[in-house]
>>> print(open('target.tsv').read())   # TSV, C-alpha atoms
chain	number	residue	atom	x	y	z
G	1	MET	CA	-15.14	-13.23	-132.17
G	2	ASP	CA	-18.75	-13.59	-133.29
G	3	LEU	CA	-19.96	-12.57	-129.82
G	4	LEU	CA	-18.47	-9.11	-130.38
G	5	ARG	CA	-20.37	-8.45	-133.63
G	6	SER	CA	-23.62	-7.91	-131.74
G	7	CYS	CA	-22.40	-7.60	-128.19
G	8	GLU	CA	-24.63	-8.92	-125.40
G	9	LEU	CA	-21.90	-9.95	-123.01
G	10	CYS	CA	-23.33	-7.92	-120.11
G	11	PRO	CA	-26.85	-6.90	-119.01
G	12	ARG	CA	-26.63	-3.70	-121.11
G	13	ARG	CA	-27.09	-5.84	-124.24
G	14	CYS	CA	-25.93	-2.97	-126.46
G	15	ARG	CA	-25.87	-5.23	-129.54
G	16	VAL	CA	-23.20	-2.98	-131.02
G	17	ASP	CA	-20.69	-4.40	-133.51
G	18	ARG	CA	-17.48	-4.01	-131.51
G	19	THR	CA	-15.34	-4.75	-134.55
G	20	LYS	CA	-16.51	-1.35	-135.80
G	21	GLY	CA	-17.44	0.65	-132.71
G	22	VAL	CA	-18.05	0.59	-128.96
G	23	GLY	CA	-21.04	0.19	-126.68
G	24	PHE	CA	-21.85	1.46	-123.18
G	25	CYS	CA	-18.64	0.08	-121.65
G	26	GLY	CA	-16.39	1.80	-124.19
G	27	ALA	CA	-14.47	-1.34	-125.18
G	28	GLY	CA	-13.81	-2.25	-128.79
G	29	GLU	CA	-12.61	-5.47	-130.35
G	30	LYS	CA	-9.07	-5.47	-128.93
G	31	VAL	CA	-8.27	-6.06	-125.28
G	32	ARG	CA	-6.97	-2.97	-123.49
G	33	VAL	CA	-4.90	-3.38	-120.31
G	34	ALA	CA	-3.75	-0.61	-117.94
G	35	LEU	CA	-1.56	-2.47	-115.44
G	36	VAL	CA	0.00	-5.87	-114.80
G	37	SER	CA	1.28	-6.29	-111.25
G	38	LEU	CA	1.82	-8.51	-108.23
G	39	HIS	CA	-0.71	-7.38	-105.62
G	40	LYS	CA	-0.10	-8.00	-101.91
G	41	TRP	CA	-3.21	-6.30	-100.53
G	42	GLU	CA	-5.95	-8.75	-101.47
G	43	GLU	CA	-7.71	-11.05	-99.00
G	44	PRO	CA	-5.16	-13.29	-97.17
G	45	CYS	CA	-6.16	-16.36	-99.18
G	46	LEU	CA	-5.50	-14.49	-102.45
G	47	ASN	CA	-2.25	-12.71	-101.57
G	48	ASP	CA	0.51	-12.26	-104.15
G	49	ALA	CA	-2.18	-12.09	-106.81
G	50	GLY	CA	-1.03	-11.70	-110.38
G	51	THR	CA	-3.41	-8.86	-111.22
G	52	ILE	CA	-4.28	-7.72	-114.72
G	53	PHE	CA	-6.32	-4.50	-114.75
G	54	PHE	CA	-8.51	-4.22	-117.85
G	55	SER	CA	-9.55	-0.85	-119.24
G	56	HIS	CA	-13.24	0.20	-119.53
G	57	CYS	CA	-16.22	-1.02	-117.47
G	58	ASN	CA	-19.91	-1.80	-117.86
G	59	LEU	CA	-20.76	0.22	-114.73
G	60	LYS	CA	-20.35	3.96	-114.28
G	61	CYS	CA	-19.77	4.28	-110.54
G	62	VAL	CA	-19.48	7.93	-109.53
G	63	TYR	CA	-17.02	7.01	-106.75
G	64	CYS	CA	-14.82	4.69	-108.81
G	65	GLN	CA	-11.22	4.81	-107.58
G	66	ASN	CA	-10.05	3.34	-110.89
G	67	TYR	CA	-11.87	5.92	-113.00
G	68	LYS	CA	-8.74	6.61	-115.06
G	69	ILE	CA	-9.11	3.19	-116.66
G	70	SER	CA	-12.82	2.40	-116.13
G	71	HIS	CA	-14.31	5.71	-117.30
G	72	GLU	CA	-11.49	7.25	-119.30
G	73	GLY	CA	-10.26	4.04	-120.90
G	74	TYR	CA	-6.56	4.51	-120.22
G	75	GLY	CA	-4.46	1.51	-121.25
G	76	GLU	CA	-2.72	-0.22	-124.13
G	77	GLU	CA	-4.33	-2.46	-126.73
G	78	ILE	CA	-2.85	-5.95	-126.89
G	79	SER	CA	-3.43	-9.14	-128.85
G	80	ILE	CA	-4.92	-12.32	-127.42
G	81	GLU	CA	-1.52	-13.96	-127.81
G	82	ARG	CA	0.10	-11.19	-125.77
G	83	LEU	CA	-2.53	-11.61	-123.03
G	84	ALA	CA	-1.74	-15.33	-122.86
G	85	LYS	CA	1.95	-14.49	-122.54
G	86	ILE	CA	1.19	-12.04	-119.72
G	87	PHE	CA	-0.50	-14.89	-117.81
G	88	LEU	CA	2.67	-16.97	-118.18
G	89	GLU	CA	4.90	-14.04	-117.21
G	90	GLN	CA	2.89	-13.56	-114.02
G	91	GLN	CA	3.37	-17.23	-113.21
G	92	ALA	CA	7.14	-16.88	-113.79
G	93	ARG	CA	7.22	-13.84	-111.43
G	94	GLY	CA	5.88	-16.01	-108.62
G	95	ALA	CA	2.23	-14.95	-108.64
G	96	ALA	CA	-0.05	-17.20	-106.60
G	97	ASN	CA	-2.87	-16.81	-109.11
G	98	ILE	CA	-4.00	-14.88	-112.16
G	99	GLU	CA	-6.50	-12.18	-111.18
G	100	LEU	CA	-8.59	-10.68	-113.98
G	101	VAL	CA	-9.88	-7.29	-112.80
G	102	THR	CA	-13.10	-5.99	-114.43
G	103	PRO	CA	-13.04	-8.51	-117.28
G	104	VAL	CA	-16.65	-9.03	-118.44
G	105	HIS	CA	-16.39	-7.02	-121.66
G	106	TYR	CA	-13.39	-9.08	-122.78
G	107	VAL	CA	-14.61	-12.58	-121.86
G	108	PRO	CA	-14.34	-14.13	-125.38
G	109	GLN	CA	-10.77	-12.89	-125.78
G	110	ILE	CA	-9.86	-13.93	-122.22
G	111	CYS	CA	-11.19	-17.44	-122.76
G	112	LEU	CA	-8.98	-17.87	-125.82
G	113	ALA	CA	-5.96	-16.47	-123.93
G	114	ILE	CA	-6.54	-18.84	-121.00
G	115	ASP	CA	-6.71	-21.83	-123.36
G	116	ILE	CA	-3.47	-20.78	-125.09
G	117	ALA	CA	-1.68	-20.19	-121.79
G	118	LYS	CA	-2.79	-23.50	-120.29
G	119	ASN	CA	-1.52	-25.32	-123.37
G	120	CYS	CA	1.82	-23.57	-122.74
G	121	GLY	CA	2.08	-24.56	-119.07
G	122	LEU	CA	-0.14	-22.20	-117.05
G	123	THR	CA	-1.18	-23.97	-113.85
G	124	LEU	CA	-2.22	-21.10	-111.55
G	125	PRO	CA	-5.83	-20.65	-110.38
G	126	ILE	CA	-7.72	-18.02	-112.40
G	127	ILE	CA	-9.63	-15.35	-110.44
G	128	TYR	CA	-12.53	-13.46	-112.04
G	129	ASN	CA	-12.78	-10.12	-110.18
G	130	THR	CA	-16.09	-8.56	-111.21
G	131	ASN	CA	-18.71	-5.95	-110.29
G	132	ALA	CA	-21.27	-8.80	-110.53
G	133	TYR	CA	-23.33	-7.03	-113.24
G	134	GLU	CA	-23.12	-10.14	-115.39
G	135	ASN	CA	-25.15	-12.22	-117.82
G	136	LEU	CA	-25.51	-15.90	-116.97
G	137	SER	CA	-24.69	-16.90	-120.55
G	138	THR	CA	-21.38	-15.04	-120.36
G	139	LEU	CA	-20.50	-16.70	-117.06
G	140	ASP	CA	-21.17	-20.09	-118.66
G	141	LEU	CA	-18.27	-19.43	-121.04
G	142	LEU	CA	-15.95	-19.43	-118.01
G	143	LYS	CA	-16.77	-22.97	-116.90
G	144	SER	CA	-13.56	-24.99	-116.38
G	145	ARG	CA	-11.54	-21.84	-117.10
G	146	VAL	CA	-12.11	-19.76	-113.95
G	147	ASP	CA	-11.41	-21.29	-110.54
G	148	ILE	CA	-12.28	-18.44	-108.16
G	149	PHE	CA	-15.03	-15.87	-108.57
G	150	LEU	CA	-14.53	-12.56	-106.76
G	151	PRO	CA	-17.74	-10.56	-107.25
G	152	ASP	CA	-18.30	-7.19	-105.59
G	153	LEU	CA	-21.96	-7.19	-104.56
G	154	LYS	CA	-22.47	-3.43	-104.48
G	155	TYR	CA	-26.12	-2.69	-103.69
G	156	PHE	CA	-29.36	-4.15	-102.44
G	157	ASP	CA	-31.15	-0.83	-102.97
G	158	GLU	CA	-32.33	-0.26	-106.55
G	159	GLU	CA	-32.24	3.54	-106.41
G	160	ALA	CA	-28.69	3.59	-105.10
G	161	ALA	CA	-27.58	1.30	-107.93
G	162	LYS	CA	-29.14	3.57	-110.55
G	163	THR	CA	-27.94	6.80	-108.95
G	164	PHE	CA	-24.36	5.85	-108.17
G	165	SER	CA	-23.57	3.25	-110.87
G	166	ASN	CA	-26.18	3.72	-113.62
G	167	ALA	CA	-27.07	0.06	-113.13
G	168	PRO	CA	-30.80	-0.67	-113.46
G	169	ASN	CA	-32.05	-3.86	-111.80
G	170	TYR	CA	-28.63	-4.32	-110.20
G	171	PHE	CA	-29.43	-6.59	-107.27
G	172	ALA	CA	-31.65	-8.94	-109.27
G	173	VAL	CA	-28.93	-9.30	-111.90
G	174	ALA	CA	-25.99	-9.54	-109.49
G	175	SER	CA	-27.65	-11.98	-107.10
G	176	ALA	CA	-28.51	-14.34	-109.97
G	177	ALA	CA	-24.94	-14.01	-111.26
G	178	ILE	CA	-23.45	-14.93	-107.88
G	179	LYS	CA	-25.67	-18.01	-107.69
G	180	LYS	CA	-24.37	-19.00	-111.15
G	181	MET	CA	-20.77	-18.46	-110.03
G	182	PHE	CA	-21.32	-20.79	-107.09
G	183	GLU	CA	-22.91	-23.33	-109.42
G	184	LEU	CA	-19.82	-23.22	-111.67
G	185	VAL	CA	-17.11	-23.66	-109.01
G	186	GLY	CA	-18.88	-24.98	-105.92
G	187	GLU	CA	-17.86	-24.68	-102.29
G	188	PHE	CA	-14.40	-23.30	-101.61
G	189	GLU	CA	-11.24	-25.39	-101.50
G	190	PHE	CA	-7.85	-24.37	-100.11
G	191	CYS	CA	-4.29	-25.41	-100.86
G	192	ALA	CA	-2.02	-26.67	-98.11
G	193	ASN	CA	-0.38	-23.22	-97.90
G	194	GLY	CA	-3.70	-21.55	-97.01
G	195	LEU	CA	-4.33	-19.98	-100.41
G	196	MET	CA	-7.68	-20.51	-102.08
G	197	LYS	CA	-7.73	-23.08	-104.85
G	198	SER	CA	-11.34	-22.61	-105.93
G	199	GLY	CA	-14.59	-21.09	-104.72
G	200	VAL	CA	-16.42	-17.77	-104.35
G	201	ILE	CA	-15.51	-14.71	-102.28
G	202	VAL	CA	-18.19	-12.03	-102.26
G	203	ARG	CA	-16.83	-8.57	-101.60
G	204	HIS	CA	-18.98	-5.75	-100.34
G	205	LEU	CA	-17.83	-2.14	-100.06
G	206	ILE	CA	-19.87	-0.45	-97.33
G	207	LEU	CA	-20.96	3.05	-98.36
G	208	PRO	CA	-21.56	5.95	-95.97
G	209	ASN	CA	-25.24	6.26	-95.03
G	210	PHE	CA	-25.96	2.77	-96.44
G	211	ARG	CA	-25.17	0.44	-93.55
G	212	ARG	CA	-28.74	-0.88	-93.57
G	213	ASP	CA	-28.31	-1.76	-97.24
G	214	SER	CA	-25.16	-3.68	-96.30
G	215	ILE	CA	-27.06	-5.56	-93.61
G	216	LYS	CA	-29.68	-6.64	-96.16
G	217	ILE	CA	-26.90	-7.95	-98.38
G	218	LEU	CA	-25.45	-9.97	-95.50
G	219	ASP	CA	-28.88	-11.44	-94.75
G	220	TRP	CA	-29.28	-12.47	-98.39
G	221	LEU	CA	-25.83	-14.08	-98.51
G	222	ASN	CA	-26.48	-15.94	-95.28
G	223	GLU	CA	-29.87	-17.21	-96.42
G	224	ASN	CA	-28.59	-18.40	-99.79
G	225	PHE	CA	-25.08	-19.66	-99.03
G	226	ASN	CA	-24.58	-19.73	-95.28
G	227	ASP	CA	-20.84	-20.41	-94.95
G	228	LYS	CA	-20.30	-22.02	-98.35
G	229	VAL	CA	-18.83	-18.81	-99.73
G	230	TYR	CA	-16.44	-16.33	-98.15
G	231	ILE	CA	-17.47	-12.72	-97.57
G	232	SER	CA	-15.14	-9.73	-97.51
G	233	LEU	CA	-16.50	-6.58	-95.84
G	234	MET	CA	-14.54	-3.53	-96.93
G	235	ASN	CA	-14.26	-0.21	-95.08
G	236	GLN	CA	-12.00	1.45	-97.67
G	237	TYR	CA	-14.57	3.71	-99.35
G	238	THR	CA	-12.90	6.96	-100.39
G	239	PRO	CA	-14.94	9.84	-101.91
G	240	VAL	CA	-13.01	10.24	-105.16
G	241	PHE	CA	-13.91	11.05	-108.78
G	242	ARG	CA	-17.50	12.46	-108.81
G	243	ALA	CA	-18.50	11.46	-105.26
G	244	GLY	CA	-18.45	15.13	-104.23
G	245	GLU	CA	-21.56	15.71	-106.35
G	246	PHE	CA	-23.59	13.41	-104.08
G	247	LYS	CA	-24.02	14.55	-100.49
G	248	LYS	CA	-24.87	11.10	-99.10
G	249	ILE	CA	-21.58	9.55	-100.16
G	250	ASN	CA	-19.28	12.57	-99.97
G	251	ARG	CA	-17.43	11.40	-96.87
G	252	ARG	CA	-15.57	8.39	-95.52
G	253	LEU	CA	-17.24	5.63	-93.57
G	254	THR	CA	-17.55	6.07	-89.81
G	255	THR	CA	-16.33	3.50	-87.31
G	256	PHE	CA	-19.92	3.08	-86.10
G	257	GLU	CA	-21.18	2.31	-89.60
G	258	TYR	CA	-18.53	-0.32	-90.26
G	259	ASP	CA	-18.76	-1.89	-86.80
G	260	SER	CA	-22.55	-2.16	-87.01
G	261	VAL	CA	-22.25	-4.21	-90.20
G	262	ILE	CA	-19.51	-6.39	-88.70
G	263	ASN	CA	-21.63	-6.92	-85.57
G	264	HIS	CA	-24.57	-7.99	-87.71
G	265	ALA	CA	-22.38	-10.55	-89.46
G	266	LEU	CA	-21.46	-11.94	-86.05
G	267	ASP	CA	-25.07	-11.84	-84.83
G	268	ILE	CA	-26.33	-13.98	-87.71
G	269	GLY	CA	-23.50	-16.46	-87.25
G	270	LEU	CA	-21.34	-15.85	-90.31
G	271	LYS	CA	-17.94	-17.48	-89.86
G	272	ASN	CA	-16.12	-17.13	-93.18
G	273	CYS	CA	-15.98	-13.36	-93.26
G	274	TYR	CA	-12.97	-11.09	-93.77
G	275	MET	CA	-12.90	-7.63	-92.25
G	276	GLN	CA	-10.49	-4.73	-92.72
G	277	ILE	CA	-8.52	-3.22	-89.85
G	278	GLY	CA	-6.75	0.11	-89.83
G	279	LYS	CA	-6.78	3.06	-92.18
G	280	THR	CA	-7.57	1.66	-95.61
G	281	ALA	CA	-9.63	4.59	-96.94
G	282	GLU	CA	-6.68	6.43	-98.39
G	283	GLU	CA	-5.80	7.28	-101.97
G	284	LYS	CA	-2.31	5.81	-101.55
G	285	PHE	CA	-3.88	2.36	-101.83
G	286	ILE	CA	-5.22	3.12	-105.33
G	287	PRO	CA	-3.03	1.44	-107.96
G	288	HIS	CA	-0.82	3.62	-110.13
G	289	PHE	CA	-1.94	2.88	-113.68
G	290	ASP	CA	1.03	3.31	-115.97
G	291	CYS	CA	0.79	0.25	-118.25
G	292	SER	CA	3.61	-1.51	-116.38
G	293	GLY	CA	3.96	-5.13	-117.47
G	294	VAL	CA	1.69	-4.69	-120.48
>>> encode(input="target.tsv", output="structure tokens")
Amino acid sequence: MDLLRSCELCPRRCRVDRTKGVGFCGAGEKVRVALVSLHKWEEPCLNDAGTIFFSHCNLKCVYCQNYKISHEGYGEEISIERLAKIFLEQQARGAANIELVTPVHYVPQICLAIDIAKNCGLTLPIIYNTNAYENLSTLDLLKSRVDIFLPDLKYFDEEAAKTFSNAPNYFAVASAAIKKMFELVGEFEFCANGLMKSGVIVRHLILPNFRRDSIKILDWLNENFNDKVYISLMNQYTPVFRAGEFKKINRRLTTFEYDSVINHALDIGLKNCYMQIGKTAEEKFIPHFDCSGV
């Protein structure tokens, strides 16, 4: 665990010794997990995901729906061996994949757990579900371990990234990270049953009053990847946690805002693009973190 003794796993580069303390993200040496579950509400090609929600986060989003675990650090500490066993338990439950949710601050431990689990019979695709605020050197550790990258490309606008997520230089960092992810796994592949075997799906949560920012993100994705990655445009923004302190984002998305982004995706010819239909901006869709399965 040498990488934890002067931690530079994410762009914060805190250089803190995590065997003795914590950095910006709040994570120490041991992995902390808040929920292990089978999730049926992911993109259709990822359904029945074997999700593992990790505690702590290297962003501080004021509207985070998972703030109980990301900001407050709720969860249970487990060993690397236990994490490997959780992977195998998810496979035994019938999960279609192993989905690691907000994992960057635990990458060294996760890599070891993946290696152990694969030696014990793990065959499921591994999904890396991330906020995209990643270092390229950390992503390199995931080569041949992660099959599907699921980054959430949050902002094009620098001020929005700093104001709402305390993430300086977000787009420059995240866009380079997504290019690295594509380099590591290549163009998407599907199994015969329609589930994704490998590839990149870029999620984007559209924020109220920021539809033009979303359109810039779509233009960038189209220019750099065309239809070699999937895109998932989400309308589920819910003003929870500290969102009420910020007038611009203290409401749900309007139909016009979401439709204008969808229409732009169609106008520029994007084909591999998921959209959400119906009322998804409700707190009932937020996972109940109670350490089940940990």
>>> closest_atom_pairs(input="target.tsv", of="range 224-272 of chain G", to="range 185-189 of chain G", cutoff="12 Å", atoms="all atoms listed in the file", output="JSON lines")
{"residue": "G:Phe225", "atom": "CA", "partner": "G:Glu187", "partner_atom": "CA", "distance": 9.4}
{"residue": "G:Asn226", "atom": "CA", "partner": "G:Glu187", "partner_atom": "CA", "distance": 10.9}
{"residue": "G:Asp227", "atom": "CA", "partner": "G:Glu187", "partner_atom": "CA", "distance": 9.0}
{"residue": "G:Lys228", "atom": "CA", "partner": "G:Glu187", "partner_atom": "CA", "distance": 5.3}
{"residue": "G:Val229", "atom": "CA", "partner": "G:Glu187", "partner_atom": "CA", "distance": 6.5}
{"residue": "G:Tyr230", "atom": "CA", "partner": "G:Phe188", "partner_atom": "CA", "distance": 8.0}
{"residue": "G:Ile231", "atom": "CA", "partner": "G:Phe188", "partner_atom": "CA", "distance": 11.7}
{"residue": "G:Asn272", "atom": "CA", "partner": "G:Phe188", "partner_atom": "CA", "distance": 10.6}
>>> write_last_selection(input="target.tsv", atoms="C-alpha atoms", output="short mmCIF file (atom, residue, chain, number, x, y, z; two decimals), keeping the file's coordinate frame")
data_model
loop_
_atom_site.label_atom_id
_atom_site.label_comp_id
_atom_site.auth_asym_id
_atom_site.auth_seq_id
_atom_site.Cartn_x
_atom_site.Cartn_y
_atom_site.Cartn_z
CA PHE G 225 -25.08 -19.66 -99.03
CA ASN G 226 -24.58 -19.73 -95.28
CA ASP G 227 -20.84 -20.41 -94.95
CA LYS G 228 -20.30 -22.02 -98.35
CA VAL G 229 -18.83 -18.81 -99.73
CA TYR G 230 -16.44 -16.33 -98.15
CA ILE G 231 -17.47 -12.72 -97.57
CA ASN G 272 -16.12 -17.13 -93.18
#
>>> closest_atom_pairs(input="target.tsv", of="range 166-273 of chain G", to="range 9-20 of chain G", cutoff="10 Å", atoms="all atoms listed in the file", output="Markdown table")
| residue | atom | partner | partner_atom | distance |
| --- | --- | --- | --- | --- |
| G:Ala167 | CA | G:Arg12 | CA | 8.8 |
| G:Pro168 | CA | G:Arg12 | CA | 9.2 |
| G:Asn169 | CA | G:Pro11 | CA | 9.4 |
| G:Tyr170 | CA | G:Pro11 | CA | 9.4 |
| G:Val173 | CA | G:Pro11 | CA | 7.8 |
| G:Ala174 | CA | G:Pro11 | CA | 9.9 |
>>> closest_residue(input="target.tsv", among="G:Lys197, G:Lys143, G:Lys85, G:Arg203", to="Gly121 in chain G", atoms="all atoms listed in the file")
G:Lys85
>>> residues_around(input="target.tsv", residues="Tyr106 in chain G", least_positions_apart="6", cutoff="9 Å", atoms="all atoms listed in the file", output="ChimeraX atom specification")
/G:9,27,29-32,54
>>> residues_near_point(input="target.tsv", point="(-30.5, 7.0, -105.4)", cutoff="12 Å", atoms="only C-alpha atoms", output="list in words")
Val62, Tyr155, Phe156, Asp157, Glu158, Glu159, Ala160, Ala161, Lys162, Thr163, Phe164, Ser165, Asn166, Ala167, Pro168, Asn209, Phe210, Phe246, Lys247, Lys248 and Ile249 of chain G
>>> closest_residue(input="target.tsv", among="G:Leu122, G:Leu153, G:Ile148, G:Leu83", to="Ser232 in chain G", atoms="only C-alpha atoms")
G:Leu153
>>> residues_around(input="target.tsv", residues="Glu81 in chain G", least_positions_apart="2", cutoff="9 Å", atoms="all atoms listed in the file", output="PDB file with C-alpha atoms, in the frame of the given file")
ATOM      1  CA  ILE G  78      -2.850  -5.950-126.890  1.00  0.00           C
ATOM      2  CA  SER G  79      -3.430  -9.140-128.850  1.00  0.00           C
ATOM      3  CA  LEU G  83      -2.530 -11.610-123.030  1.00  0.00           C
ATOM      4  CA  ALA G  84      -1.740 -15.330-122.860  1.00  0.00           C
ATOM      5  CA  LYS G  85       1.950 -14.490-122.540  1.00  0.00           C
ATOM      6  CA  ILE G  86       1.190 -12.040-119.720  1.00  0.00           C
ATOM      7  CA  LEU G 112      -8.980 -17.870-125.820  1.00  0.00           C
ATOM      8  CA  ALA G 113      -5.960 -16.470-123.930  1.00  0.00           C
ATOM      9  CA  ILE G 116      -3.470 -20.780-125.090  1.00  0.00           C
ATOM     10  CA  ALA G 117      -1.680 -20.190-121.790  1.00  0.00           C
TER      11      ALA G 117
END
>>> closest_residue(input="target.tsv", among="G:Phe171, G:Cys64, G:Glu223, G:Gly94", to="Asn47 in chain G", atoms="all atoms listed in the file")
G:Gly94
>>> atom_distance(input="target.tsv", atom1="CA of Ser260 in chain G", atom2="CA of Gly244 in chain G")
24.7 Å
>>> atom_distance(input="target.tsv", atom1="CA of Pro151 in chain G", atom2="CA of Tyr67 in chain G")
18.4 Å
>>> atom_distance(input="target.tsv", atom1="CA of Pro44 in chain G", atom2="CA of Gly194 in chain G")
8.4 Å
>>> residues_around(input="target.tsv", residues="range 89-92 of chain G", least_positions_apart="5", cutoff="10 Å", atoms="only C-alpha atoms", output="PyMOL selection string")
chain G and resi 36-38+49-52+83-84+97-99+121-124+293
>>> closest_residue(input="target.tsv", among="G:Phe190, G:Ile201, G:Glu245, G:Glu183", to="Cys273 in chain G", atoms="only C-alpha atoms")
G:Ile201
>>> closest_residue(input="target.tsv", among="G:Thr130, G:Gln109, G:Asn263, G:Asn250", to="Leu59 in chain G", atoms="all atoms listed in the file")
G:Thr130
>>> axis_aligned_box(input="target.tsv", around="range 240-246 of chain G", padding_each_side="8 Å", output="JSON")
{"center_x": -18.3, "center_y": 13.0, "center_z": -106.4, "size_x": 26.6, "size_y": 21.5, "size_z": 20.7}
>>> decode(input="target.tsv", residues="range 33-40 of chain G", atoms="all heavy atoms", output="PDB file, in the first residue's frame")
ATOM      1  N   VAL G  33     -17.282   0.629   3.034  1.00  0.00           N
ATOM      2  CA  VAL G  33     -18.389   0.354   2.110  1.00  0.00           C
ATOM      3  C   VAL G  33     -19.711   0.605   2.827  1.00  0.00           C
ATOM      4  O   VAL G  33     -19.885   0.223   3.990  1.00  0.00           O
ATOM      5  CB  VAL G  33     -18.320  -1.099   1.594  1.00  0.00           C
ATOM      6  CG1 VAL G  33     -19.542  -1.433   0.737  1.00  0.00           C
ATOM      7  CG2 VAL G  33     -17.040  -1.317   0.781  1.00  0.00           C
ATOM      8  N   ALA G  34     -20.664   1.235   2.132  1.00  0.00           N
ATOM      9  CA  ALA G  34     -21.948   1.601   2.735  1.00  0.00           C
ATOM     10  C   ALA G  34     -23.111   0.725   2.278  1.00  0.00           C
ATOM     11  O   ALA G  34     -24.140   0.681   2.943  1.00  0.00           O
ATOM     12  CB  ALA G  34     -22.269   3.055   2.429  1.00  0.00           C
ATOM     13  N   LEU G  35     -22.966   0.063   1.131  1.00  0.00           N
ATOM     14  CA  LEU G  35     -24.068  -0.746   0.627  1.00  0.00           C
ATOM     15  C   LEU G  35     -23.575  -1.682  -0.470  1.00  0.00           C
ATOM     16  O   LEU G  35     -22.799  -1.288  -1.337  1.00  0.00           O
ATOM     17  CB  LEU G  35     -25.176   0.154   0.061  1.00  0.00           C
ATOM     18  CG  LEU G  35     -26.395  -0.542  -0.551  1.00  0.00           C
ATOM     19  CD1 LEU G  35     -27.180  -1.308   0.515  1.00  0.00           C
ATOM     20  CD2 LEU G  35     -27.308   0.466  -1.251  1.00  0.00           C
ATOM     21  N   VAL G  36     -24.044  -2.927  -0.402  1.00  0.00           N
ATOM     22  CA  VAL G  36     -23.831  -3.901  -1.471  1.00  0.00           C
ATOM     23  C   VAL G  36     -25.217  -4.333  -1.932  1.00  0.00           C
ATOM     24  O   VAL G  36     -26.042  -4.768  -1.111  1.00  0.00           O
ATOM     25  CB  VAL G  36     -23.029  -5.123  -0.966  1.00  0.00           C
ATOM     26  CG1 VAL G  36     -22.919  -6.182  -2.063  1.00  0.00           C
ATOM     27  CG2 VAL G  36     -21.646  -4.694  -0.482  1.00  0.00           C
ATOM     28  N   SER G  37     -25.511  -4.203  -3.223  1.00  0.00           N
ATOM     29  CA  SER G  37     -26.871  -4.472  -3.680  1.00  0.00           C
ATOM     30  C   SER G  37     -26.900  -4.909  -5.133  1.00  0.00           C
ATOM     31  O   SER G  37     -25.912  -4.783  -5.864  1.00  0.00           O
ATOM     32  CB  SER G  37     -27.732  -3.210  -3.526  1.00  0.00           C
ATOM     33  OG  SER G  37     -27.244  -2.177  -4.360  1.00  0.00           O
ATOM     34  N   LEU G  38     -28.052  -5.440  -5.548  1.00  0.00           N
ATOM     35  CA  LEU G  38     -28.334  -5.667  -6.959  1.00  0.00           C
ATOM     36  C   LEU G  38     -29.196  -4.510  -7.436  1.00  0.00           C
ATOM     37  O   LEU G  38     -30.269  -4.264  -6.877  1.00  0.00           O
ATOM     38  CB  LEU G  38     -29.064  -6.998  -7.165  1.00  0.00           C
ATOM     39  CG  LEU G  38     -28.245  -8.257  -6.895  1.00  0.00           C
ATOM     40  CD1 LEU G  38     -29.088  -9.504  -7.148  1.00  0.00           C
ATOM     41  CD2 LEU G  38     -26.987  -8.296  -7.742  1.00  0.00           C
ATOM     42  N   HIS G  39     -28.729  -3.799  -8.441  1.00  0.00           N
ATOM     43  CA  HIS G  39     -29.369  -2.550  -8.861  1.00  0.00           C
ATOM     44  C   HIS G  39     -30.015  -2.738 -10.224  1.00  0.00           C
ATOM     45  O   HIS G  39     -29.350  -3.090 -11.194  1.00  0.00           O
ATOM     46  CB  HIS G  39     -28.315  -1.444  -8.914  1.00  0.00           C
ATOM     47  CG  HIS G  39     -28.883  -0.067  -8.999  1.00  0.00           C
ATOM     48  ND1 HIS G  39     -29.912   0.375  -8.197  1.00  0.00           N
ATOM     49  CD2 HIS G  39     -28.569   0.981  -9.799  1.00  0.00           C
ATOM     50  CE1 HIS G  39     -30.196   1.641  -8.496  1.00  0.00           C
ATOM     51  NE2 HIS G  39     -29.405   2.012  -9.474  1.00  0.00           N
ATOM     52  N   LYS G  40     -31.325  -2.469 -10.301  1.00  0.00           N
ATOM     53  CA  LYS G  40     -32.075  -2.694 -11.537  1.00  0.00           C
ATOM     54  C   LYS G  40     -32.405  -1.403 -12.274  1.00  0.00           C
ATOM     55  O   LYS G  40     -33.189  -1.417 -13.220  1.00  0.00           O
ATOM     56  CB  LYS G  40     -33.370  -3.453 -11.221  1.00  0.00           C
ATOM     57  CG  LYS G  40     -33.130  -4.841 -10.645  1.00  0.00           C
ATOM     58  CD  LYS G  40     -34.439  -5.581 -10.413  1.00  0.00           C
ATOM     59  CE  LYS G  40     -34.197  -6.981  -9.854  1.00  0.00           C
ATOM     60  NZ  LYS G  40     -33.491  -7.860 -10.793  1.00  0.00           N
TER      61      LYS G  40
END
